[in-house]
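Here's the structure, in structure tokens; my notes come after.
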Amino acid sequence: MSNILLCTQNPLLIKGLYGILRDEGYNVDLSDYPARAVQQIIKNSYEAVIIDSQAFGMPAEDAVKVIKTVAPDVKVILVGYPEDETDSLSIKVPVDLEILRDLVQSMHKSSITSHI
């Protein structure tokens with residue numbers, strides 16, 4: 001079973017995505033701030049991190065840079081962030097939960113280098 005970290009304060013994103021990922025067999029940890037997500041990544045092993053670009057505190061793009069430095073193999077998905085702006089995958093808002101689920105599944109199966 002793989003571990004995924006979901007970093008958001010958006011209750012709709014948590015409610016929708018948490019259950020889908022858990023039902024797909026992932027262990028899902030939650031973080032409400034990008035800085036805390038970075039701390040969790042240092043302490044724990046994650047296959048992927050999903051970060052809401054509307055997070056508070058540390059800017060999401062800065063969190064991606066730190067995550068890629070401390071855990072370069074962790075795949076990062078930014079929700080609602082413009083494409084090609086960071087070293088991560090991005091998905092547009094409003095989030096289609098089925099597309100996001102499929103993206104996480106395909107990341108689990110192989111290494112993805114393109115944006116959707």
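A note on labels: chains of the structure tokens are A, B, ... as shown, every chain counts residues from 1, and ligands are counted from 1 in their shown order.
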Residues near Val64 of chain A, anyone? I mean within 12 Å using only C-alpha atoms, not counting same-chain ones fewer than 4 positions away, as a PDB file with N, CA, C and O atoms, in the first residue's frame.
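As written to disk, out_30.pdb reads:
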ATOM      1  N   CYS A   7      -2.238  17.954   0.945  1.00  0.00           N
ATOM      2  CA  CYS A   7      -2.017  19.228   1.632  1.00  0.00           C
ATOM      3  C   CYS A   7      -3.029  20.257   1.134  1.00  0.00           C
ATOM      4  O   CYS A   7      -2.894  20.810   0.040  1.00  0.00           O
ATOM      5  N   PRO A  34       1.608  23.953   3.601  1.00  0.00           N
ATOM      6  CA  PRO A  34       2.758  23.427   2.862  1.00  0.00           C
ATOM      7  C   PRO A  34       4.000  23.235   3.724  1.00  0.00           C
ATOM      8  O   PRO A  34       4.714  22.240   3.555  1.00  0.00           O
ATOM      9  N   ALA A  35       4.282  24.137   4.646  1.00  0.00           N
ATOM     10  CA  ALA A  35       5.463  23.982   5.509  1.00  0.00           C
ATOM     11  C   ALA A  35       5.346  22.708   6.349  1.00  0.00           C
ATOM     12  O   ALA A  35       6.328  21.991   6.540  1.00  0.00           O
ATOM     13  N   ALA A  37       3.622  20.094   5.450  1.00  0.00           N
ATOM     14  CA  ALA A  37       3.768  18.995   4.496  1.00  0.00           C
ATOM     15  C   ALA A  37       5.239  18.662   4.281  1.00  0.00           C
ATOM     16  O   ALA A  37       5.617  17.485   4.241  1.00  0.00           O
ATOM     17  N   VAL A  38       6.071  19.685   4.162  1.00  0.00           N
ATOM     18  CA  VAL A  38       7.507  19.465   4.010  1.00  0.00           C
ATOM     19  C   VAL A  38       8.055  18.707   5.215  1.00  0.00           C
ATOM     20  O   VAL A  38       8.828  17.752   5.070  1.00  0.00           O
ATOM     21  N   ILE A  41       7.108  15.087   4.995  1.00  0.00           N
ATOM     22  CA  ILE A  41       7.868  14.373   3.975  1.00  0.00           C
ATOM     23  C   ILE A  41       9.256  14.015   4.489  1.00  0.00           C
ATOM     24  O   ILE A  41       9.789  12.947   4.171  1.00  0.00           O
ATOM     25  N   ALA A  48       3.544  10.121  -3.300  1.00  0.00           N
ATOM     26  CA  ALA A  48       3.098  11.350  -3.953  1.00  0.00           C
ATOM     27  C   ALA A  48       2.563  12.335  -2.925  1.00  0.00           C
ATOM     28  O   ALA A  48       2.135  11.958  -1.840  1.00  0.00           O
ATOM     29  N   VAL A  49       2.601  13.609  -3.334  1.00  0.00           N
ATOM     30  CA  VAL A  49       2.046  14.688  -2.527  1.00  0.00           C
ATOM     31  C   VAL A  49       1.116  15.488  -3.433  1.00  0.00           C
ATOM     32  O   VAL A  49       1.490  15.845  -4.552  1.00  0.00           O
ATOM     33  N   ILE A  50      -0.076  15.759  -2.941  1.00  0.00           N
ATOM     34  CA  ILE A  50      -1.033  16.595  -3.660  1.00  0.00           C
ATOM     35  C   ILE A  50      -1.159  17.879  -2.863  1.00  0.00           C
ATOM     36  O   ILE A  50      -1.555  17.858  -1.691  1.00  0.00           O
ATOM     37  N   ILE A  51      -0.788  19.006  -3.490  1.00  0.00           N
ATOM     38  CA  ILE A  51      -0.781  20.293  -2.792  1.00  0.00           C
ATOM     39  C   ILE A  51      -1.761  21.243  -3.458  1.00  0.00           C
ATOM     40  O   ILE A  51      -1.717  21.453  -4.677  1.00  0.00           O
ATOM     41  N   ASP A  52      -2.615  21.830  -2.663  1.00  0.00           N
ATOM     42  CA  ASP A  52      -3.549  22.851  -3.128  1.00  0.00           C
ATOM     43  C   ASP A  52      -2.775  24.147  -3.323  1.00  0.00           C
ATOM     44  O   ASP A  52      -2.106  24.620  -2.405  1.00  0.00           O
ATOM     45  N   SER A  53      -2.851  24.729  -4.515  1.00  0.00           N
ATOM     46  CA  SER A  53      -2.112  25.969  -4.774  1.00  0.00           C
ATOM     47  C   SER A  53      -2.673  27.141  -3.973  1.00  0.00           C
ATOM     48  O   SER A  53      -2.023  28.173  -3.866  1.00  0.00           O
ATOM     49  N   MET A  58       3.572  29.110   3.515  1.00  0.00           N
ATOM     50  CA  MET A  58       4.586  28.940   2.482  1.00  0.00           C
ATOM     51  C   MET A  58       3.896  28.794   1.119  1.00  0.00           C
ATOM     52  O   MET A  58       2.982  27.995   0.974  1.00  0.00           O
ATOM     53  N   PRO A  59       4.338  29.557   0.115  1.00  0.00           N
ATOM     54  CA  PRO A  59       3.741  29.402  -1.220  1.00  0.00           C
ATOM     55  C   PRO A  59       3.932  27.972  -1.741  1.00  0.00           C
ATOM     56  O   PRO A  59       4.975  27.342  -1.509  1.00  0.00           O
ATOM     57  N   ALA A  60       2.940  27.472  -2.439  1.00  0.00           N
ATOM     58  CA  ALA A  60       2.977  26.095  -2.931  1.00  0.00           C
ATOM     59  C   ALA A  60       4.192  25.849  -3.817  1.00  0.00           C
ATOM     60  O   ALA A  60       4.813  24.792  -3.733  1.00  0.00           O
ATOM     61  N   LYS A  68      11.185  18.630  -3.698  1.00  0.00           N
ATOM     62  CA  LYS A  68      12.029  18.016  -4.729  1.00  0.00           C
ATOM     63  C   LYS A  68      13.495  17.971  -4.300  1.00  0.00           C
ATOM     64  O   LYS A  68      14.247  17.124  -4.767  1.00  0.00           O
ATOM     65  N   THR A  69      13.893  18.855  -3.391  1.00  0.00           N
ATOM     66  CA  THR A  69      15.263  18.835  -2.879  1.00  0.00           C
ATOM     67  C   THR A  69      15.447  17.730  -1.838  1.00  0.00           C
ATOM     68  O   THR A  69      16.418  16.978  -1.892  1.00  0.00           O
ATOM     69  N   VAL A  70      14.515  17.624  -0.898  1.00  0.00           N
ATOM     70  CA  VAL A  70      14.670  16.648   0.190  1.00  0.00           C
ATOM     71  C   VAL A  70      14.187  15.251  -0.182  1.00  0.00           C
ATOM     72  O   VAL A  70      14.620  14.268   0.412  1.00  0.00           O
ATOM     73  N   ALA A  71      13.279  15.160  -1.153  1.00  0.00           N
ATOM     74  CA  ALA A  71      12.739  13.852  -1.568  1.00  0.00           C
ATOM     75  C   ALA A  71      12.496  13.875  -3.080  1.00  0.00           C
ATOM     76  O   ALA A  71      11.351  13.967  -3.534  1.00  0.00           O
ATOM     77  N   PRO A  72      13.559  13.811  -3.872  1.00  0.00           N
ATOM     78  CA  PRO A  72      13.428  13.971  -5.322  1.00  0.00           C
ATOM     79  C   PRO A  72      12.564  12.917  -6.015  1.00  0.00           C
ATOM     80  O   PRO A  72      12.044  13.173  -7.103  1.00  0.00           O
ATOM     81  N   VAL A  74       9.691  11.761  -4.840  1.00  0.00           N
ATOM     82  CA  VAL A  74       8.276  11.972  -4.532  1.00  0.00           C
ATOM     83  C   VAL A  74       7.637  12.759  -5.675  1.00  0.00           C
ATOM     84  O   VAL A  74       8.136  13.796  -6.102  1.00  0.00           O
ATOM     85  N   LYS A  75       6.548  12.233  -6.162  1.00  0.00           N
ATOM     86  CA  LYS A  75       5.810  12.922  -7.228  1.00  0.00           C
ATOM     87  C   LYS A  75       4.899  13.966  -6.601  1.00  0.00           C
ATOM     88  O   LYS A  75       4.287  13.715  -5.573  1.00  0.00           O
ATOM     89  N   VAL A  76       4.832  15.139  -7.219  1.00  0.00           N
ATOM     90  CA  VAL A  76       4.046  16.238  -6.672  1.00  0.00           C
ATOM     91  C   VAL A  76       2.992  16.656  -7.695  1.00  0.00           C
ATOM     92  O   VAL A  76       3.292  16.840  -8.871  1.00  0.00           O
ATOM     93  N   ILE A  77       1.763  16.792  -7.216  1.00  0.00           N
ATOM     94  CA  ILE A  77       0.665  17.300  -8.033  1.00  0.00           C
ATOM     95  C   ILE A  77       0.181  18.594  -7.395  1.00  0.00           C
ATOM     96  O   ILE A  77      -0.186  18.603  -6.221  1.00  0.00           O
ATOM     97  N   LEU A  78       0.196  19.672  -8.160  1.00  0.00           N
ATOM     98  CA  LEU A  78      -0.331  20.953  -7.690  1.00  0.00           C
ATOM     99  C   LEU A  78      -1.742  21.127  -8.228  1.00  0.00           C
ATOM    100  O   LEU A  78      -1.960  21.054  -9.439  1.00  0.00           O
ATOM    101  N   TYR A  81      -2.748  25.095 -10.164  1.00  0.00           N
ATOM    102  CA  TYR A  81      -1.570  25.901 -10.476  1.00  0.00           C
ATOM    103  C   TYR A  81      -1.343  25.895 -11.977  1.00  0.00           C
ATOM    104  O   TYR A  81      -1.539  24.875 -12.616  1.00  0.00           O
ATOM    105  N   GLU A  85       4.906  25.767 -14.584  1.00  0.00           N
ATOM    106  CA  GLU A  85       5.469  26.769 -13.692  1.00  0.00           C
ATOM    107  C   GLU A  85       6.415  26.163 -12.653  1.00  0.00           C
ATOM    108  O   GLU A  85       7.238  26.853 -12.103  1.00  0.00           O
ATOM    109  N   THR A  86       6.247  24.892 -12.356  1.00  0.00           N
ATOM    110  CA  THR A  86       7.059  24.239 -11.330  1.00  0.00           C
ATOM    111  C   THR A  86       7.484  22.862 -11.812  1.00  0.00           C
ATOM    112  O   THR A  86       7.030  22.389 -12.844  1.00  0.00           O
ATOM    113  N   ASP A  87       8.337  22.229 -11.027  1.00  0.00           N
ATOM    114  CA  ASP A  87       8.784  20.868 -11.323  1.00  0.00           C
ATOM    115  C   ASP A  87       7.791  19.879 -10.731  1.00  0.00           C
ATOM    116  O   ASP A  87       8.108  19.107  -9.834  1.00  0.00           O
ATOM    117  N   SER A  88       6.571  19.935 -11.229  1.00  0.00           N
ATOM    118  CA  SER A  88       5.513  19.071 -10.721  1.00  0.00           C
ATOM    119  C   SER A  88       4.448  18.907 -11.792  1.00  0.00           C
ATOM    120  O   SER A  88       4.480  19.575 -12.825  1.00  0.00           O
ATOM    121  N   LEU A  89       3.511  18.042 -11.521  1.00  0.00           N
ATOM    122  CA  LEU A  89       2.327  17.925 -12.362  1.00  0.00           C
ATOM    123  C   LEU A  89       1.318  18.940 -11.866  1.00  0.00           C
ATOM    124  O   LEU A  89       1.345  19.335 -10.701  1.00  0.00           O
ATOM    125  N   SER A  90       0.425  19.363 -12.731  1.00  0.00           N
ATOM    126  CA  SER A  90      -0.609  20.292 -12.273  1.00  0.00           C
ATOM    127  C   SER A  90      -1.951  19.864 -12.840  1.00  0.00           C
ATOM    128  O   SER A  90      -2.026  19.213 -13.877  1.00  0.00           O
TER     129      SER A  90
END
Å distance separating atom CA of Arg22 of chain A from atom CA of Ile91 of chain A, one decimal place: 19.8 Å
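Reported to one decimal place, the separation of atom CA of Lys43 of chain A from atom CA of Leu5 of chain A is 12.1 Å.
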Every residue of segment 44-103 of chain A that DSSP places in strand (DSSP E or B), as a count of residues only: 13
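Minimum distance to Gln40 of chain A across A:Ile14, A:Leu21, A:Leu100, A:Ile67 (counting only C-alpha atoms) occurs at A:Ile67.
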